[in-house]
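Heads up: the structure comes next, in C-alpha cells.
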Amino acid sequence: MYPFTYTKATNTREALNAGRSGGRYIAGGTTLVDLMRETVERPGSLVDISALPLREVTVTKNGGLRIGALVSMTEAAAHTAVRAAYPVISQALELSASAQLRNMATIGGNIMQRTRCTYFRDVTADCNKREPGSGCAARNGYNRSHAILGTSDQCVATHPSDLAVVLAALEATIHLLGPDGARTVSFADFLLKPGSTPNREHAIRPGELITAVEIPAHPRPLKSGYLKVRDRQSYEFALTSAAVALHIRGGFIREAKVAAGGVGTVPWKLPAVERHLIGRRPSDRLWAEAAEHAADGAHPLTHNGFKAELLKRTVERQLSAVGGTK
C-alpha cells in the first residue's frame with residue numbers, strides 16, 4: 001500500500017475543505033480500502049466523513065423518500081418507511097454482499113463503488129478504466145460476467161451495485177454538496193456509460209460529496225420487488241437482475257418502472273418494457289411479451305451471449321412475481 005494522509009472531518013465544512021484540496025472521501029471503506037490494498041487506487045489523502053450528520057431516513061412532503069448518504073445498507077433495508085413504501089429497496093440491499101459488509105457500507109458508498117471486473121483489479125492487465133489508453137483486456141479475454149448493454153470499444157465492465165438498479169428503476173435523484181454549493185442530479189445522469197472516457201464514472205465534481213438519495217413519490221398502490229440471478233446464492237454479484245415497480249388500478253397497469261442489473265455498464269433502465277406494459281391488463285402473456293424487449297440493443301461478447309436470454313427470463317419472472325395474473 002502506498003503512503004497517504006488521513007483526516008477525520010467533524011463537520012461538513014471541514015470535509016469540503018479537505019475534498020477541495022484533493023482528498024478522497026471515505027466512510028465504510030468497504031470498496032476503497034480493497035482497491036488501495038490492490039494498488040488499483042492510490043489516493044494521497046483520505047477524508048473520513050463518517051462523523052457527518054447524514055444518517056437520516058425521512059418521508060418527504062410529497063410522499064417520497066430521502067435516505068442520507070451515511071445510512072448503512074443494513075439500516076436502510078430495515079427501516080420501516082423503506083420496507084413499507086419501497087420493498088424493492090430492502091430486497092436489493094439484503095441481496096447485496098454479506099451481513100458484515102452491509103453493516104459497514106453506506107448508501108453513498110454503494111452507489112460510488114467501482115466495477116468488479118477482474119481485469120480492472122489486476123494491475124498487470126490492460127484496462128482503460130484504470131489506465132486510459134492502455135486497452136481493454138476483457139473484450140478479447142474471458143468476459144462471461146461482463147456487460148452486453150451500454151458497452152463501447154473502450155470498456156465492457158458492469159456496474160456492480162444492486163441498489164443502483166433500483167434507483168434507476170424508481171428514477172431517483174442524487175443530492176450533492178460541494179465547494180460551489182448544493183445541487184441535485186437525476187440518477188439517470190449520475191452514473192456515466194464508458195463511451196470514450198471509461199475512467200470517468202460519475203457526474204460528480206471535484207470535492208463534491210453525496211449527501212442523500214431521494215426517491216420521488218409514485219402513484220399508490222405500488223407493488224415492487226427485486227430479483228437477482230447469480231452463480232451462487234450468497235455473496236455473489238449478479239449475472240442478471242431486475243427491479244420492478246408496478247401501479248395497477250382498475251385491472252390495468254397505470255405505471256411501470258423496470259431496470260436491469262448485471263448486464264449493463266450502468267444500471268439499465270428498460271423503457272421498451274415499460275411502454276409495452278402501460279395500459280394493459282396483467283397476464284402471463286403480457287409479462288412474456290414485455291420481457292422480449294429487455295435485451296433490445298444488446299451487444300454480447302464471446303462468452304456472455306447467454307445473458308440476453310437470461311435477462312429476458314429474469315424480467316419476465318419478476319414482472320409475474322410483482323404483478324401477478326388476473
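We name chains A, B, ... following the order of the C-alpha cells; residues begin at 1 in each chain, and ligands are numbered from 1 as shown.
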
* Excluding Thr314 of chain A and any residue of its chain fewer than 3 positions from it, enumerate the residues within 12 Å of it, using only C-alpha atoms, and give them as a VMD selection string. => chain A and resid 226 to 230 238 to 244 258 to 263 287 to 288 290 to 292 294 to 295 307 to 311 317 to 321

Residues from the last selection, N, CA and C atoms, saved as a tab-separated table (two decimals), in the first residue's frame:
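Writing the result to out.tsv gives the following:
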chain	number	residue	atom	x	y	z
A	226	TYR	N	-37.39	-7.08	-6.24
A	226	TYR	CA	-36.07	-7.20	-6.88
A	226	TYR	C	-35.70	-8.67	-6.97
A	227	LEU	N	-35.24	-9.07	-8.14
A	227	LEU	CA	-34.79	-10.45	-8.37
A	227	LEU	C	-33.36	-10.42	-8.86
A	228	LYS	N	-32.52	-11.24	-8.23
A	228	LYS	CA	-31.10	-11.30	-8.57
A	228	LYS	C	-30.73	-12.73	-8.94
A	229	VAL	N	-30.17	-12.91	-10.13
A	229	VAL	CA	-29.74	-14.23	-10.59
A	229	VAL	C	-28.22	-14.25	-10.58
A	230	ARG	N	-27.65	-15.25	-9.92
A	230	ARG	CA	-26.20	-15.31	-9.75
A	230	ARG	C	-25.73	-16.75	-9.72
A	238	ALA	N	-24.44	-10.08	-9.51
A	238	ALA	CA	-25.49	-10.56	-10.40
A	238	ALA	C	-24.96	-10.89	-11.79
A	239	LEU	N	-25.46	-12.01	-12.34
A	239	LEU	CA	-25.34	-12.25	-13.77
A	239	LEU	C	-26.41	-11.41	-14.48
A	240	THR	N	-27.61	-11.44	-13.93
A	240	THR	CA	-28.68	-10.53	-14.33
A	240	THR	C	-29.51	-10.22	-13.09
A	241	SER	N	-30.21	-9.12	-13.13
A	241	SER	CA	-31.15	-8.79	-12.06
A	241	SER	C	-32.23	-7.90	-12.63
A	242	ALA	N	-33.36	-7.82	-11.92
A	242	ALA	CA	-34.46	-6.98	-12.38
A	242	ALA	C	-35.13	-6.31	-11.20
A	243	ALA	N	-35.29	-4.99	-11.29
A	243	ALA	CA	-36.07	-4.22	-10.31
A	243	ALA	C	-37.36	-3.79	-10.99
A	244	VAL	N	-38.49	-4.10	-10.36
A	244	VAL	CA	-39.79	-3.84	-10.96
A	244	VAL	C	-40.69	-3.13	-9.95
A	258	VAL	N	-39.06	-0.31	-14.61
A	258	VAL	CA	-38.30	-1.55	-14.73
A	258	VAL	C	-36.85	-1.21	-15.09
A	259	ALA	N	-35.92	-1.85	-14.40
A	259	ALA	CA	-34.50	-1.69	-14.72
A	259	ALA	C	-33.79	-3.01	-14.49
A	260	ALA	N	-32.64	-3.17	-15.14
A	260	ALA	CA	-31.88	-4.42	-15.07
A	260	ALA	C	-30.47	-4.16	-14.58
A	261	GLY	N	-29.90	-5.14	-13.91
A	261	GLY	CA	-28.52	-5.08	-13.44
A	261	GLY	C	-27.75	-6.30	-13.91
A	262	GLY	N	-26.43	-6.24	-13.76
A	262	GLY	CA	-25.57	-7.36	-14.15
A	262	GLY	C	-25.31	-7.47	-15.63
A	263	VAL	N	-25.98	-6.62	-16.42
A	263	VAL	CA	-25.88	-6.73	-17.88
A	263	VAL	C	-25.42	-5.44	-18.55
A	287	TRP	N	-46.48	-10.46	-19.58
A	287	TRP	CA	-45.13	-10.46	-18.99
A	287	TRP	C	-44.11	-11.00	-20.01
A	288	ALA	N	-44.48	-12.07	-20.69
A	288	ALA	CA	-43.57	-12.67	-21.67
A	288	ALA	C	-43.32	-11.73	-22.84
A	290	ALA	N	-43.58	-8.40	-22.90
A	290	ALA	CA	-42.80	-7.25	-22.46
A	290	ALA	C	-41.34	-7.61	-22.28
A	291	ALA	N	-41.10	-8.78	-21.70
A	291	ALA	CA	-39.73	-9.21	-21.41
A	291	ALA	C	-38.91	-9.42	-22.67
A	292	GLU	N	-39.57	-9.66	-23.80
A	292	GLU	CA	-38.85	-9.83	-25.06
A	292	GLU	C	-38.06	-8.58	-25.45
A	294	ALA	N	-36.41	-6.75	-23.23
A	294	ALA	CA	-35.43	-6.44	-22.18
A	294	ALA	C	-34.00	-6.33	-22.70
A	295	ALA	N	-33.67	-7.10	-23.72
A	295	ALA	CA	-32.30	-7.11	-24.23
A	295	ALA	C	-32.16	-6.34	-25.53
A	307	LYS	N	-26.43	-14.10	-21.61
A	307	LYS	CA	-27.05	-13.08	-20.74
A	307	LYS	C	-28.31	-12.46	-21.35
A	308	ALA	N	-28.38	-12.36	-22.66
A	308	ALA	CA	-29.56	-11.76	-23.29
A	308	ALA	C	-30.81	-12.57	-22.98
A	309	GLU	N	-30.75	-13.87	-23.17
A	309	GLU	CA	-31.90	-14.72	-22.88
A	309	GLU	C	-32.16	-14.80	-21.38
A	310	LEU	N	-31.10	-14.86	-20.59
A	310	LEU	CA	-31.27	-14.91	-19.13
A	310	LEU	C	-31.93	-13.63	-18.63
A	311	LEU	N	-31.58	-12.50	-19.21
A	311	LEU	CA	-32.20	-11.24	-18.81
A	311	LEU	C	-33.69	-11.24	-19.11
A	317	ARG	N	-39.95	-13.23	-15.10
A	317	ARG	CA	-40.24	-13.84	-13.80
A	317	ARG	C	-40.57	-12.77	-12.75
A	318	GLN	N	-39.84	-11.66	-12.77
A	318	GLN	CA	-40.08	-10.66	-11.75
A	318	GLN	C	-41.34	-9.85	-12.03
A	319	LEU	N	-41.66	-9.63	-13.29
A	319	LEU	CA	-42.93	-8.98	-13.62
A	319	LEU	C	-44.09	-9.84	-13.10
A	320	SER	N	-44.00	-11.12	-13.30
A	320	SER	CA	-45.05	-12.03	-12.83
A	320	SER	C	-45.14	-12.03	-11.30
A	321	ALA	N	-43.96	-12.03	-10.64
A	321	ALA	CA	-43.95	-12.05	-9.18
A	321	ALA	C	-44.56	-10.79	-8.59

* Excluding Ser234 of chain A and residues on its chain fewer than 3 positions from it, collect all residues at most 8 Å away from it, counting only C-alpha atoms, and give them as a list in words. => Leu95, Ala97 and Ser98 of chain A

The selected residues should be written to file as a short mmCIF file (atom, residue, chain, number, x, y, z; two decimals), in the first residue's frame (atoms: C-alpha atoms).
data_model
loop_
_atom_site.label_atom_id
_atom_site.label_comp_id
_atom_site.auth_asym_id
_atom_site.auth_seq_id
_atom_site.Cartn_x
_atom_site.Cartn_y
_atom_site.Cartn_z
CA LEU A 95 -29.25 -9.48 -1.53
CA ALA A 97 -22.67 -8.55 -0.10
CA SER A 98 -22.54 -10.14 3.36
#

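Between atom CA of Phe190 of chain A and atom CA of Pro216 of chain A lies a distance of 16.0 Å.
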
* **alpha helix (DSSP H) call set, DSSP backbone run, segment 28-200 of chain A, as a VMD selection string** => chain A and resid 32 to 37 73 to 78 80 to 85 87 to 94 99 to 104 107 to 112 118 to 121 137 to 140 162 to 169 187 to 190

Those same residues, written as an mmCIF file, in the first residue's frame with C-alpha atoms?
data_model
loop_
_atom_site.group_PDB
_atom_site.id
_atom_site.type_symbol
_atom_site.label_atom_id
_atom_site.label_comp_id
_atom_site.auth_asym_id
_atom_site.auth_seq_id
_atom_site.Cartn_x
_atom_site.Cartn_y
_atom_site.Cartn_z
ATOM 1 C CA LEU A 32 -11.889 1.908 -1.480
ATOM 2 C CA VAL A 33 -9.717 0.133 1.089
ATOM 3 C CA ASP A 34 -9.735 -3.045 -1.012
ATOM 4 C CA LEU A 35 -8.703 -1.102 -4.101
ATOM 5 C CA MET A 36 -5.915 0.592 -2.168
ATOM 6 C CA ARG A 37 -4.616 -2.782 -0.998
ATOM 7 C CA MET A 73 -27.122 -0.627 3.939
ATOM 8 C CA THR A 74 -28.400 -2.614 6.911
ATOM 9 C CA GLU A 75 -30.153 0.391 8.430
ATOM 10 C CA ALA A 76 -31.781 1.378 5.147
ATOM 11 C CA ALA A 77 -33.001 -2.158 4.435
ATOM 12 C CA ALA A 78 -34.545 -2.492 7.892
ATOM 13 C CA THR A 80 -39.937 0.758 8.414
ATOM 14 C CA ALA A 81 -40.558 3.588 5.923
ATOM 15 C CA VAL A 82 -38.376 1.892 3.302
ATOM 16 C CA ARG A 83 -39.950 -1.518 3.779
ATOM 17 C CA ALA A 84 -43.467 -0.118 3.695
ATOM 18 C CA ALA A 85 -43.131 2.180 0.681
ATOM 19 C CA PRO A 87 -39.781 -3.124 -0.514
ATOM 20 C CA VAL A 88 -37.726 -3.366 -3.715
ATOM 21 C CA ILE A 89 -35.048 -1.254 -1.990
ATOM 22 C CA SER A 90 -34.890 -3.530 1.049
ATOM 23 C CA GLN A 91 -34.754 -6.633 -1.117
ATOM 24 C CA ALA A 92 -31.899 -5.296 -3.253
ATOM 25 C CA LEU A 93 -29.879 -4.279 -0.210
ATOM 26 C CA GLU A 94 -30.400 -7.586 1.570
ATOM 27 C CA ALA A 99 -24.183 -9.048 6.606
ATOM 28 C CA GLN A 100 -20.851 -7.777 7.924
ATOM 29 C CA LEU A 101 -20.250 -5.626 4.853
ATOM 30 C CA ARG A 102 -23.821 -4.303 4.859
ATOM 31 C CA ASN A 103 -23.296 -3.173 8.459
ATOM 32 C CA MET A 104 -20.314 -1.073 7.367
ATOM 33 C CA ILE A 107 -25.748 4.181 0.737
ATOM 34 C CA GLY A 108 -23.496 6.836 -0.790
ATOM 35 C CA GLY A 109 -20.547 4.469 -0.956
ATOM 36 C CA ASN A 110 -22.653 1.738 -2.521
ATOM 37 C CA ILE A 111 -23.527 3.998 -5.428
ATOM 38 C CA MET A 112 -19.921 5.109 -5.843
ATOM 39 C CA THR A 118 -11.140 -8.841 -12.806
ATOM 40 C CA TYR A 119 -9.055 -7.028 -15.405
ATOM 41 C CA PHE A 120 -9.699 -3.683 -13.719
ATOM 42 C CA ARG A 121 -8.478 -5.120 -10.423
ATOM 43 C CA ALA A 137 -8.292 -6.916 -21.902
ATOM 44 C CA ALA A 138 -11.869 -8.052 -21.274
ATOM 45 C CA ARG A 139 -13.029 -7.592 -24.854
ATOM 46 C CA ASN A 140 -10.871 -10.461 -26.113
ATOM 47 C CA ASP A 162 -27.865 -3.903 -6.707
ATOM 48 C CA LEU A 163 -29.213 -0.749 -5.068
ATOM 49 C CA ALA A 164 -28.285 1.308 -8.137
ATOM 50 C CA VAL A 165 -30.566 -0.864 -10.287
ATOM 51 C CA VAL A 166 -33.485 0.029 -8.037
ATOM 52 C CA LEU A 167 -32.581 3.720 -8.036
ATOM 53 C CA ALA A 168 -32.529 3.650 -11.825
ATOM 54 C CA ALA A 169 -35.937 1.974 -11.957
ATOM 55 C CA PHE A 187 -29.759 9.201 -11.126
ATOM 56 C CA ALA A 188 -30.103 8.543 -14.860
ATOM 57 C CA ASP A 189 -27.397 11.180 -15.416
ATOM 58 C CA PHE A 190 -25.239 10.403 -12.384
#

* Asked: In segment 6-134 of chain A, what's strand (DSSP E) per DSSP? Answer as a count of residues only?
  -> 17

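Each of A:Gly323, A:Gly264, A:Gly181, A:Gly195 was compared to Pro300 of chain A using only C-alpha atoms, and A:Gly264 turns out to be the nearest.
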
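Between Arg144 of chain A and the residues A:Cys117, A:Ala256, A:Leu209, A:Val71, the shortest atom-to-atom distance, using only C-alpha atoms, involves A:Cys117.
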
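If you measure from each of A:Ala18, A:Ala27, A:Ala147, A:Leu54 to Thr302 of chain A using only C-alpha atoms, the closest one turns out to be A:Ala147.
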
* Structure fact -> Ala51 of chain A proximity check over A:Arg116, A:Arg24, A:Arg66, A:Lys8, using only C-alpha atoms: winner is A:Lys8

* To do: Choose the residue, out of A:Ser96, A:Ala69, A:Cys155, A:Ala245, that has the smallest atom-to-atom separation from Leu192 of chain A; count only C-alpha atoms.
  => A:Cys155

* Rank nothing, just name the residue among A:Ala157, A:Ala172, A:Ile278, A:Val322 nearest to Ala212 of chain A, using only C-alpha atoms. =>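 Smallest separation from Ala212 of chain A among the options: A:Ala172.
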
* If we count only C-alpha atoms, what is near Tyr6 of chain A at a cut-off of 8 Å, once residues fewer than 6 positions away on the same chain are taken out, given as number ranges by chain? -> A: 45-48
